[in-house]
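Participant: Below you'll find the structure I mean.
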Amino acid sequence: MDTHEPHWLTDEERQAWLALFSTLIRLPAALDAQLQRDASISHFEYHVLAGLSEGGPERALRMSTLAVLAAGSLSRLSHVVTRLEKQGWVRRTPDPTDGRYTLAILTDAGLDKVVATAPRHVEEVRHLVFDPLTKAQVKQLREIGGRINRAIGPDGLYPGQLPN
């Protein structure tokens, strides 16, 4: 039986945690609502499309890499890619360098969707995240986010960042 007393949060730490927790819940929901309203896609679908748009000149990534990039499981990604294929925005093909892997490829129509969706999405991100902050706070936010991500995992990756 563990009789060790937990190192409870101070009042200031508790307030900071609750502010962060609220942001972690409310910000994704607000961004998802904007994308649903303006582009009829989910935030996860947008991250998949945007990630593929940055997948080099071929706009292609292995499904396993794309799952890391979009911060989703391979199973969830597979279901989403199936929906995106039905829209004509993504197609799948075996990886020519290693047939054990499957590539997801952004089609021209998919690129058009990203290009049409990105300006309003970036506008919403700016409105919700950056406009309320000073330049110094933006720098602090980047540093704080980096520290928390490194504490979560040794690679320090965050969604949208490809592993080396």
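Each chain in the structure tokens gets a letter, A, B and so on, in the order shown; residues start at 1 in every chain, and ligands are counted from 1 in the order they appear.
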Using only C-alpha atoms, which residues of stretch 100-158 of chain A come within 10 Å of stretch 44-48 of chain A, and what is the closest atom pair for each, with the distance in Å to one decimal? Give it as a Markdown table, sorted by chain and residue number.

Facilitator:
| residue | atom | partner | partner_atom | distance |
| --- | --- | --- | --- | --- |
| A:Ala104 | CA | A:Val48 | CA | 9.5 |
| A:Leu106 | CA | A:Val48 | CA | 9.3 |
| A:Lys113 | CA | A:Tyr46 | CA | 9.1 |
| A:Val114 | CA | A:Tyr46 | CA | 7.4 |
| A:Thr117 | CA | A:Tyr46 | CA | 8.3 |
| A:Ala118 | CA | A:Tyr46 | CA | 8.8 |
| A:His121 | CA | A:Tyr46 | CA | 9.4 |

Participant: Selection from above, N, CA and C atoms, as a PDB file, in the first residue's frame, can you write it?

Facilitator:
ATOM      1  N   ALA A 104      -0.743   7.310 -49.152  1.00  0.00           N
ATOM      2  CA  ALA A 104      -1.915   8.156 -49.383  1.00  0.00           C
ATOM      3  C   ALA A 104      -1.415   9.313 -50.236  1.00  0.00           C
ATOM      4  N   LEU A 106      -2.470  12.928 -52.214  1.00  0.00           N
ATOM      5  CA  LEU A 106      -3.432  14.012 -52.384  1.00  0.00           C
ATOM      6  C   LEU A 106      -3.647  14.251 -53.870  1.00  0.00           C
ATOM      7  N   LYS A 113      -9.102  21.572 -52.535  1.00  0.00           N
ATOM      8  CA  LYS A 113      -9.868  21.663 -51.288  1.00  0.00           C
ATOM      9  C   LYS A 113      -9.033  22.311 -50.191  1.00  0.00           C
ATOM     10  N   VAL A 114      -7.783  21.904 -50.071  1.00  0.00           N
ATOM     11  CA  VAL A 114      -6.894  22.494 -49.061  1.00  0.00           C
ATOM     12  C   VAL A 114      -6.702  23.984 -49.340  1.00  0.00           C
ATOM     13  N   THR A 117      -9.763  25.888 -48.420  1.00  0.00           N
ATOM     14  CA  THR A 117     -10.109  25.827 -47.002  1.00  0.00           C
ATOM     15  C   THR A 117      -9.112  26.577 -46.125  1.00  0.00           C
ATOM     16  N   ALA A 118      -7.851  26.559 -46.481  1.00  0.00           N
ATOM     17  CA  ALA A 118      -6.791  27.081 -45.615  1.00  0.00           C
ATOM     18  C   ALA A 118      -6.960  28.553 -45.220  1.00  0.00           C
ATOM     19  N   HIS A 121      -9.469  28.943 -42.409  1.00  0.00           N
ATOM     20  CA  HIS A 121      -9.019  28.218 -41.225  1.00  0.00           C
ATOM     21  C   HIS A 121      -7.892  28.986 -40.524  1.00  0.00           C
TER      22      HIS A 121
END

Participant: Mind checking DSSP for chain A and telling me the strand (DSSP E or B) residues as a list in words?

Facilitator: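 Put together, the selection reads Ala60, Leu61, Arg62, Val90, Arg91, Arg92, Thr93, Pro94, Thr102, Leu103, Ala104, Ile105 and Leu106 of chain A.
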
Participant: Restricted to N, CA and C atoms, what would the selected residues look like written as a CSV table (one decimal), in the first residue's frame?

Facilitator:
chain,number,residue,atom,x,y,z
A,60,ALA,N,2.5,12.9,-51.3
A,60,ALA,CA,2.2,11.5,-50.9
A,60,ALA,C,3.0,11.2,-49.6
A,61,LEU,N,2.3,10.5,-48.7
A,61,LEU,CA,3.0,10.0,-47.5
A,61,LEU,C,2.5,8.6,-47.2
A,62,ARG,N,3.3,7.8,-46.5
A,62,ARG,CA,2.9,6.5,-46.0
A,62,ARG,C,1.8,6.7,-45.0
A,90,VAL,N,-8.3,12.1,-52.2
A,90,VAL,CA,-7.1,11.3,-51.8
A,90,VAL,C,-7.3,10.0,-52.6
A,91,ARG,N,-6.1,9.4,-52.9
A,91,ARG,CA,-6.1,8.0,-53.4
A,91,ARG,C,-5.0,7.2,-52.7
A,92,ARG,N,-5.2,5.9,-52.7
A,92,ARG,CA,-4.2,5.1,-52.0
A,92,ARG,C,-3.5,4.2,-53.1
A,93,THR,N,-2.2,3.9,-52.8
A,93,THR,CA,-1.5,3.0,-53.7
A,93,THR,C,-0.4,2.3,-52.9
A,94,PRO,N,0.0,1.1,-53.3
A,94,PRO,CA,1.2,0.5,-52.6
A,94,PRO,C,2.4,1.4,-52.8
A,102,THR,N,1.4,1.4,-47.5
A,102,THR,CA,0.5,2.0,-48.4
A,102,THR,C,0.7,3.5,-48.4
A,103,LEU,N,0.7,4.1,-49.6
A,103,LEU,CA,0.8,5.6,-49.7
A,103,LEU,C,-0.5,6.2,-49.8
A,104,ALA,N,-0.7,7.3,-49.2
A,104,ALA,CA,-1.9,8.2,-49.4
A,104,ALA,C,-1.4,9.3,-50.2
A,105,ILE,N,-2.1,9.6,-51.3
A,105,ILE,CA,-1.7,10.6,-52.2
A,105,ILE,C,-2.8,11.7,-52.4
A,106,LEU,N,-2.5,12.9,-52.2
A,106,LEU,CA,-3.4,14.0,-52.4
A,106,LEU,C,-3.6,14.3,-53.9

Participant: With distances taken over only C-alpha atoms, which residue among A:Leu77, A:Val122, A:Ala151, A:Leu141 lies nearest A:Leu31?

Facilitator: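 Among A:Leu77, A:Val122, A:Ala151, A:Leu141, it is A:Val122 that comes nearest to A:Leu31.
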
Participant: I'd like to know which of A:Arg147, A:Asp112, A:Ser75, A:Glu124 is closest to A:Gln34, using only C-alpha atoms.

Facilitator: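 Among the listed residues, A:Glu124 lies closest to A:Gln34.
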
Participant: For a quick check of understanding, using only C-alpha atoms, which of A:Ala30, A:Ala19, A:Arg14, A:Pro6 has the smallest distance to A:Val125?

Facilitator: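 Going through A:Ala30, A:Ala19, A:Arg14, A:Pro6 one by one, the smallest distance to A:Val125 is for A:Ala30.
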
Participant: State, in Å with one decimal place, the distance from atom CA of A:Gly110 to atom CA of A:Leu49.

Facilitator: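 Atom-to-atom, atom CA of A:Gly110 to atom CA of A:Leu49, that is 6.9 Å.
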
Participant: Could you please determine the separation between atom CA of A:Ala67 and atom CA of A:Trp17 in Å, to one decimal place?

Facilitator: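 These two atoms are separated by 28.0 Å.
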
Participant: Using DSSP on the backbone coordinates, identify all residues within stretch 103-135 of chain A classified as helix (DSSP H, G or I); present the result as an NGL selection string.

Facilitator: :A and (108-130 or 135)

Participant: Would you mind telling me which residue in A:Arg150, A:Pro28, A:Ala71, A:Thr107 lies nearest to A:Lys86 when using only C-alpha atoms?

Facilitator: A:Thr107

Participant: What is the atom CA of A:Thr82 to atom CA of A:Ala33 distance in Å?

Facilitator: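 One can read the atom CA of A:Thr82 to atom CA of A:Ala33 distance as 21.6 Å.
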
Participant: Which one is closest to A:Gly72: A:Lys139, A:Arg59, A:Arg100, A:His43? Count only C-alpha atoms.

Facilitator: A:His43
